[in-house]
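What follows is the content of my_file_16.tsv, which has TSV, C-alpha atoms and all ligand atoms:
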```
chain	number	residue	atom	x	y	z
A	1	MET	CA	25.54	42.17	40.47
A	2	GLY	CA	23.26	40.08	42.67
A	3	ALA	CA	23.84	36.39	43.11
A	4	MET	CA	22.29	34.12	40.50
A	5	SER	CA	19.11	32.62	41.84
A	6	GLU	CA	19.27	28.90	42.39
A	7	ALA	CA	16.85	26.29	41.09
A	8	ALA	CA	14.64	25.06	43.91
A	9	TYR	CA	11.62	23.64	42.09
A	10	THR	CA	10.98	21.85	38.78
A	11	LEU	CA	7.89	22.59	36.70
A	12	ILE	CA	7.21	21.15	33.24
A	13	LEU	CA	4.52	22.67	31.03
A	14	LEU	CA	3.12	20.69	28.12
A	15	ARG	CA	0.58	21.88	25.59
A	16	HIS	CA	-1.40	19.01	24.07
A	17	GLY	CA	-0.33	17.56	20.72
A	18	GLU	CA	-2.02	18.66	17.50
A	19	SER	CA	-5.81	18.27	17.76
A	20	ARG	CA	-8.30	17.57	14.99
A	21	TRP	CA	-9.42	21.18	15.10
A	22	ASN	CA	-5.84	22.51	15.15
A	23	GLU	CA	-5.40	20.54	11.94
A	24	LYS	CA	-8.58	22.03	10.44
A	25	ASN	CA	-7.71	25.53	11.72
A	26	LEU	CA	-10.92	25.93	13.75
A	27	PHE	CA	-11.37	27.90	16.99
A	28	THR	CA	-11.59	25.19	19.65
A	29	GLY	CA	-11.75	26.51	23.22
A	30	TRP	CA	-13.76	24.14	25.44
A	31	VAL	CA	-14.88	21.81	22.61
A	32	ASP	CA	-13.51	18.38	23.51
A	33	VAL	CA	-11.78	17.31	20.32
A	34	ASP	CA	-9.30	14.44	20.03
A	35	LEU	CA	-5.69	14.40	18.85
A	36	THR	CA	-4.67	13.71	15.26
A	37	GLU	CA	-2.15	10.97	14.51
A	38	LYS	CA	0.48	13.73	14.41
A	39	GLY	CA	-0.71	14.85	17.85
A	40	HIS	CA	-0.32	11.33	19.25
A	41	GLU	CA	3.18	11.23	17.76
A	42	GLU	CA	4.01	14.60	19.37
A	43	ALA	CA	2.85	13.21	22.71
A	44	ARG	CA	5.10	10.15	22.33
A	45	ARG	CA	8.02	12.42	21.41
A	46	ALA	CA	7.30	14.56	24.48
A	47	GLY	CA	7.61	11.44	26.63
A	48	GLU	CA	10.91	10.54	24.98
A	49	LEU	CA	12.26	14.04	25.65
A	50	LEU	CA	11.30	13.78	29.33
A	51	ARG	CA	12.94	10.38	29.60
A	52	GLU	CA	16.11	11.46	27.76
A	53	GLU	CA	16.55	14.48	30.07
A	54	GLY	CA	15.76	12.47	33.18
A	55	LEU	CA	12.86	14.83	33.90
A	56	LEU	CA	10.52	12.42	35.59
A	57	PRO	CA	7.27	13.96	36.85
A	58	ASP	CA	6.02	13.00	40.32
A	59	VAL	CA	2.55	14.43	39.83
A	60	LEU	CA	0.37	15.51	36.90
A	61	HIS	CA	-2.16	18.33	36.70
A	62	THR	CA	-4.41	18.45	33.63
A	63	SER	CA	-7.52	20.17	32.31
A	64	LEU	CA	-10.78	18.29	31.80
A	65	LEU	CA	-10.25	18.11	28.04
A	66	ARG	CA	-9.34	14.95	26.16
A	67	ARG	CA	-6.51	16.44	24.11
A	68	ALA	CA	-4.54	17.40	27.25
A	69	ILE	CA	-5.44	14.22	29.15
A	70	THR	CA	-4.46	11.94	26.26
A	71	THR	CA	-1.23	13.84	25.57
A	72	ALA	CA	-0.19	13.52	29.22
A	73	ASN	CA	-1.16	9.85	29.42
A	74	THR	CA	0.88	9.01	26.34
A	75	ALA	CA	3.90	11.11	27.31
A	76	LEU	CA	3.95	9.64	30.83
A	77	ASP	CA	3.54	6.12	29.48
A	78	VAL	CA	6.59	6.58	27.23
A	79	ALA	CA	8.56	8.07	30.14
A	80	ASP	CA	7.50	5.11	32.34
A	81	ARG	CA	5.67	7.47	34.71
A	82	HIS	CA	2.10	6.36	33.85
A	83	TRP	CA	1.56	5.52	37.53
A	84	ILE	CA	1.94	8.96	39.13
A	85	PRO	CA	-1.00	10.74	40.85
A	86	VAL	CA	-3.20	12.90	38.63
A	87	HIS	CA	-5.33	15.94	39.38
A	88	ARG	CA	-7.73	17.32	36.80
A	89	ASN	CA	-9.40	20.69	36.99
A	90	TRP	CA	-11.50	22.87	34.68
A	91	ARG	CA	-9.33	25.84	35.71
A	92	LEU	CA	-6.60	24.47	33.44
A	93	ASN	CA	-8.99	24.26	30.45
A	94	GLU	CA	-8.33	26.15	27.25
A	95	ARG	CA	-9.73	29.67	27.09
A	96	HIS	CA	-13.45	29.50	26.30
A	97	TYR	CA	-13.65	30.92	22.78
A	98	GLY	CA	-17.32	31.96	23.02
A	99	ALA	CA	-19.31	32.14	19.79
A	100	LEU	CA	-16.11	31.61	17.78
A	101	GLN	CA	-15.94	27.94	18.87
A	102	GLY	CA	-16.23	25.81	15.73
A	103	LEU	CA	-15.52	28.66	13.29
A	104	ASP	CA	-12.73	28.57	10.73
A	105	LYS	CA	-9.89	30.95	11.67
A	106	ALA	CA	-9.08	32.09	8.14
A	107	GLN	CA	-12.75	32.71	7.33
A	108	THR	CA	-13.19	34.64	10.58
A	109	ARG	CA	-10.19	36.80	9.74
A	110	ASP	CA	-11.56	37.49	6.24
A	111	LYS	CA	-15.02	38.33	7.57
A	112	TYR	CA	-14.06	40.61	10.48
A	113	GLY	CA	-10.62	41.87	9.42
A	114	GLU	CA	-7.14	41.38	10.84
A	115	GLU	CA	-7.54	43.84	13.72
A	116	GLN	CA	-10.73	42.32	15.17
A	117	PHE	CA	-9.42	38.79	14.56
A	118	MET	CA	-6.19	39.49	16.45
A	119	ALA	CA	-8.02	41.34	19.23
A	120	TRP	CA	-10.15	38.22	19.78
A	121	ARG	CA	-7.19	35.85	19.49
A	122	ARG	CA	-4.52	37.72	21.41
A	123	GLY	CA	-6.04	40.84	22.98
A	124	PHE	CA	-5.66	40.53	26.76
A	125	ASP	CA	-9.12	41.79	27.64
A	126	THR	CA	-11.23	41.38	24.48
A	127	PRO	CA	-13.58	38.40	24.88
A	128	PRO	CA	-15.32	37.09	21.74
A	129	PRO	CA	-19.14	37.33	21.71
A	130	PRO	CA	-20.66	34.79	24.17
A	131	ILE	CA	-21.86	31.43	22.93
A	132	GLU	CA	-25.60	30.64	23.16
A	133	ASP	CA	-26.54	27.71	25.40
A	134	ASP	CA	-28.29	25.98	22.49
A	135	ASP	CA	-25.24	26.29	20.21
A	136	GLU	CA	-23.94	22.87	19.15
A	137	PHE	CA	-20.53	23.81	20.56
A	138	SER	CA	-21.79	25.11	23.94
A	139	GLN	CA	-20.79	23.32	27.18
A	140	ALA	CA	-24.11	24.09	28.92
A	141	GLY	CA	-25.40	20.83	30.40
A	142	ASP	CA	-22.04	19.04	30.17
A	143	PRO	CA	-21.89	16.95	33.38
A	144	ARG	CA	-18.19	17.61	33.92
A	145	TYR	CA	-19.00	21.28	34.56
A	146	ALA	CA	-22.14	20.71	36.66
A	147	ASP	CA	-20.44	22.16	39.76
A	148	LEU	CA	-19.88	25.51	38.04
A	149	GLY	CA	-23.63	26.20	37.77
A	150	ALA	CA	-24.26	29.71	36.49
A	151	ASP	CA	-20.51	30.43	36.56
A	152	LEU	CA	-19.93	28.24	33.50
A	153	PRO	CA	-18.09	30.52	31.05
A	154	ARG	CA	-19.86	31.49	27.82
A	155	THR	CA	-16.74	33.29	26.58
A	156	GLU	CA	-13.38	34.33	28.03
A	157	CYS	CA	-10.52	36.68	27.26
A	158	LEU	CA	-6.99	35.87	28.49
A	159	LYS	CA	-7.55	38.12	31.50
A	160	ASP	CA	-10.48	35.90	32.53
A	161	VAL	CA	-8.26	32.83	32.15
A	162	VAL	CA	-5.61	34.35	34.43
A	163	THR	CA	-8.34	35.08	36.99
A	164	ARG	CA	-9.73	31.53	37.03
A	165	MET	CA	-6.40	29.70	36.59
A	166	LEU	CA	-4.32	31.41	39.30
A	167	PRO	CA	-6.40	30.18	42.27
A	168	TYR	CA	-5.68	26.60	41.15
A	169	TRP	CA	-1.99	27.37	40.71
A	170	ASP	CA	-1.83	28.73	44.26
A	171	SER	CA	-4.01	26.11	45.95
A	172	ASP	CA	-2.97	22.92	44.17
A	173	ILE	CA	0.17	23.25	42.02
A	174	VAL	CA	2.37	25.43	44.24
A	175	PRO	CA	1.98	23.10	47.27
A	176	ASP	CA	3.18	20.16	45.14
A	177	LEU	CA	6.21	22.20	44.01
A	178	ARG	CA	6.96	23.27	47.58
A	179	GLU	CA	7.01	19.59	48.58
A	180	GLY	CA	9.83	19.13	46.11
A	181	GLN	CA	7.79	17.24	43.52
A	182	THR	CA	8.55	17.51	39.83
A	183	VAL	CA	5.22	18.79	38.51
A	184	LEU	CA	3.87	18.25	35.00
A	185	VAL	CA	1.06	20.57	33.88
A	186	ALA	CA	-0.62	19.34	30.68
A	187	ALA	CA	-2.89	22.03	29.33
A	188	HIS	CA	-3.57	24.36	26.40
A	189	GLY	CA	-2.19	27.20	24.33
A	190	ASN	CA	-4.03	29.94	26.18
A	191	SER	CA	-4.22	28.48	29.70
A	192	LEU	CA	-0.44	27.99	29.51
A	193	ARG	CA	0.01	31.52	28.15
A	194	ALA	CA	-1.83	32.70	31.27
A	195	LEU	CA	0.52	30.70	33.50
A	196	VAL	CA	3.68	31.82	31.66
A	197	LYS	CA	2.48	35.44	31.89
A	198	HIS	CA	2.27	35.01	35.64
A	199	LEU	CA	5.60	33.17	36.04
A	200	ASP	CA	7.63	35.55	33.86
A	201	GLY	CA	5.77	38.71	34.84
A	202	ILE	CA	4.89	39.51	31.20
A	203	SER	CA	2.86	42.67	30.62
A	204	ASP	CA	-0.72	42.66	29.29
A	205	GLU	CA	0.62	44.06	26.00
A	206	ASP	CA	3.63	41.79	25.53
A	207	ILE	CA	1.73	38.57	26.19
A	208	ALA	CA	0.02	39.08	22.79
A	209	GLY	CA	3.29	38.10	21.10
A	210	LEU	CA	3.82	34.88	23.04
A	211	ASN	CA	2.69	31.61	21.46
A	212	ILE	CA	3.07	28.06	22.77
A	213	PRO	CA	3.70	25.16	20.37
A	214	THR	CA	1.89	21.81	20.60
A	215	GLY	CA	3.53	18.84	22.26
A	216	ILE	CA	6.97	20.16	23.27
A	217	PRO	CA	7.77	20.11	27.01
A	218	LEU	CA	8.72	23.53	28.40
A	219	LEU	CA	10.92	23.28	31.49
A	220	TYR	CA	10.80	25.95	34.19
A	221	GLU	CA	13.27	25.75	37.01
A	222	LEU	CA	11.96	28.04	39.72
A	223	ASP	CA	13.82	29.63	42.60
A	224	ALA	CA	12.66	29.65	46.20
A	225	ASP	CA	10.32	32.57	45.40
A	226	LEU	CA	8.85	30.65	42.43
A	227	ALA	CA	10.56	32.99	39.96
A	228	PRO	CA	12.00	31.36	36.81
A	229	VAL	CA	15.78	30.89	37.04
A	230	THR	CA	15.85	31.26	33.24
A	231	PRO	CA	13.18	33.72	32.04
A	232	GLY	CA	10.89	32.01	29.54
A	233	GLY	CA	12.02	28.56	30.60
A	234	ARG	CA	13.60	26.11	28.18
A	235	TYR	CA	11.92	23.98	25.51
A	236	LEU	CA	13.34	20.46	25.51
A	237	ASP	CA	13.48	20.62	21.68
A	238	PRO	CA	14.28	24.30	21.00
A	239	SER	CA	14.52	24.18	17.20
A	240	ALA	CA	11.21	22.30	16.81
A	241	ALA	CA	9.65	24.77	19.26
A	242	ALA	CA	10.86	27.83	17.32
A	243	GLU	CA	9.33	26.51	14.09
A	244	ALA	CA	6.06	25.48	15.71
A	245	ILE	CA	5.71	28.82	17.54
A	246	GLN	CA	5.82	30.57	14.17
A	247	GLN	CA	3.09	28.30	12.84
A	248	VAL	CA	0.79	29.14	15.76
A	249	ALA	CA	1.48	32.86	15.28
A	250	ASN	CA	0.55	32.61	11.59
A	251	GLN	CA	-2.71	30.72	12.04
A	252	GLY	CA	-5.54	32.27	10.05
A	253	LYS	CA	-3.14	33.78	7.51
A	254	LYS	CA	-2.94	32.32	4.02
B	301	LIG	O1	-8.60	27.46	19.08
B	301	LIG	C1	-8.14	27.50	20.24
B	301	LIG	O2	-8.75	27.13	21.24
B	301	LIG	C2	-6.74	28.08	20.44
B	301	LIG	C3	-5.71	27.00	20.59
B	301	LIG	O3	-5.74	26.08	19.54
B	301	LIG	O4	-6.42	28.87	19.32
B	301	LIG	P1	-5.60	30.24	19.29
B	301	LIG	O5	-4.14	29.89	19.20
B	301	LIG	O6	-6.11	30.88	18.02
B	301	LIG	O7	-5.94	31.04	20.49
```
Turn this file's structure into C-alpha cells for me.
Amino acid sequence: MGAMSEAAYTLILLRHGESRWNEKNLFTGWVDVDLTEKGHEEARRAGELLREEGLLPDVLHTSLLRRAITTANTALDVADRHWIPVHRNWRLNERHYGALQGLDKAQTRDKYGEEQFMAWRRGFDTPPPPIEDDDEFSQAGDPRYADLGADLPRTECLKDVVTRMLPYWDSDIVPDLREGQTVLVAAHGNSLRALVKHLDGISDEDIAGLNIPTGIPLLYELDADLAPVTPGGRYLDPSAAAEAIQQVANQGKK
C-alpha cells in the first residue's frame, strides 16, 4: 500500500443559502435573486461551523451573484473574518440555465417528461434551449457582464461550466492555495459540481448523481498535487448535508 497522502492545502466550498427561487422551485441560473430568511440563517450557521472548527478563511472567491456574495459576507461576519480580501468573478457563477430561467421545475418536468427534464438538469453535455436577449430573465445588457461581449452565455450545460470555471481555478484560486492560504469559494450548486468533478476526478456520467446542499461548508484538504486527501471532502454538518442533498435530488418531483 502506498503512503497516505498528507494534507498540504485547505479549501472550503460553500453553496449559497436557500434563495427565493430555490424556495419557489424555479430554475435560477444567472438570475440574481436574494436569499430567503432560511437562507440567511443557513449562512449564519455556516459561519458558526467555520468558527467552531477553527477553519478561518484567509481569502474569499465568489461569483457575481447576490446569493453567493451575501452568504459569504454573513458567514465570514459570524466567523469574525469579514475583513479578508475578496475576489469576484463571473466564472464562478451558477450554470446559465438558458430559456429555462424563471420556469417552475415541477411544471417543466410535467410538460417535457422526466427524461428531458433530467437531461437538462443533470446531463453533462445537454444545454437547455438558449434564452432570447429580450427575455425578462436574460443577462444581455447587464453591466457586470459588459466585458464578456458576445461571449455572454445564453445557455450552458455542465461541460460548459467546467470549461469556463477551470481557467479561474488555475489562474486565481490555485495560486492562493499554493501560498498556504485557507481559501473559501462561495458559489452555486452547478459551478461547485463542476469544481468537485475536477477535484475528485468524477466521470461525466457519475457527476449526474452528485448534488450539493445549500449553506453547508464542504471542506477539502488537498495534498501537494491538489488531490483530495479524503475523496468527496467532508461536510462540516454531515447529517444536515445528507438530508439536504436528498432534497436537491428530488426537486421537481411531487
Ligand atoms: O436553478 C438553478 O440554477 C439550480 C440551482 O438552484 O438548479 P438545479 O439544482 O435544478 O440545477
Tell me which protein, DNA and RNA residues are within 8 Å of Arg122 (chain A), counting all atoms listed in the file, leaving out same-chain ones fewer than 6 positions away, and put them as a list in words.
->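 With the cut-off at 8 Å, the set is Leu158, Ile207, Ala208 and Gly209 of chain A.
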Near-ligand residues for ligand LIG 301 (chain B), threshold 9 Å, all atoms listed in the file, as number ranges by chain = A: 18-19, 21-22, 25-31, 94-97, 100-102, 105, 118, 120-122, 188-190, 211-212, 214, 248-249, 251-252
Between CA of Pro213 (chain A) and CA of Pro238 (chain A), distance in Å (one decimal) =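 Computing the Euclidean distance for CA of Pro213 (chain A) and CA of Pro238 (chain A) yields 10.6 Å.
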Go through A:Pro57, A:Lys24, A:Glu37, A:Ser138 and flag the residue nearest Val185 (chain A), using all atoms listed in the file for the distances.
-> A:Pro57
Could you jot down the CA of Asp237 (chain A) to CA of Val196 (chain A) separation for me, Å, one decimal place?
->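 Computed distance, CA of Asp237 (chain A) to CA of Val196 (chain A), equals 17.9 Å.
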If we count only C-alpha atoms, what is near Leu219 (chain A) at a cut-off of 7 Å, once residues fewer than 5 positions away on the same chain are taken out, given as a ChimeraX atom specification?
-> /A:11-13,233-235
Which residue gives the smallest distance to Asp34 (chain A) among A:Leu218, A:Ala68, A:Leu195, A:Leu210, with only C-alpha atoms counted?
->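 Going through A:Leu218, A:Ala68, A:Leu195, A:Leu210 one by one, the smallest distance to Asp34 (chain A) is for A:Ala68.
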CA of Arg178 (chain A) to CA of Leu236 (chain A), distance in Å rounded to a single decimal =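 Going from CA of Arg178 (chain A) over to CA of Leu236 (chain A), I get 23.1 Å.
All residues of protein, DNA or RNA that reach within 12 Å of Leu148 (chain A), judged by all atoms listed in the file and not counting those fewer than 3 positions away in the chain, are Asn89, Trp90, Arg91, Gln139, Ala140, Gly141, Asp142, Pro143, Arg144, Tyr145, Asp151, Leu152, Pro153, Arg154 and Arg164 of chain A.
With all atoms listed in the file as the atoms that count, the minimum distance from His198 (chain A) to the choices A:Pro175, A:Gly232, A:Pro217, A:Pro129 is reached by A:Gly232.
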Between A:Arg193, A:His40, A:Lys253, A:Arg51, single out the one closest to Arg81 (chain A), counting only C-alpha atoms.
->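 So, comparing all the options, the nearest one is A:Arg51.
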Which of these residues is nearest to Phe124 (chain A), using only C-alpha atoms: A:Ala244, A:Cys157, A:Asn250, A:Tyr220?
->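 Checking each of A:Ala244, A:Cys157, A:Asn250, A:Tyr220 against Phe124 (chain A), counting only C-alpha atoms, the winner is A:Cys157.
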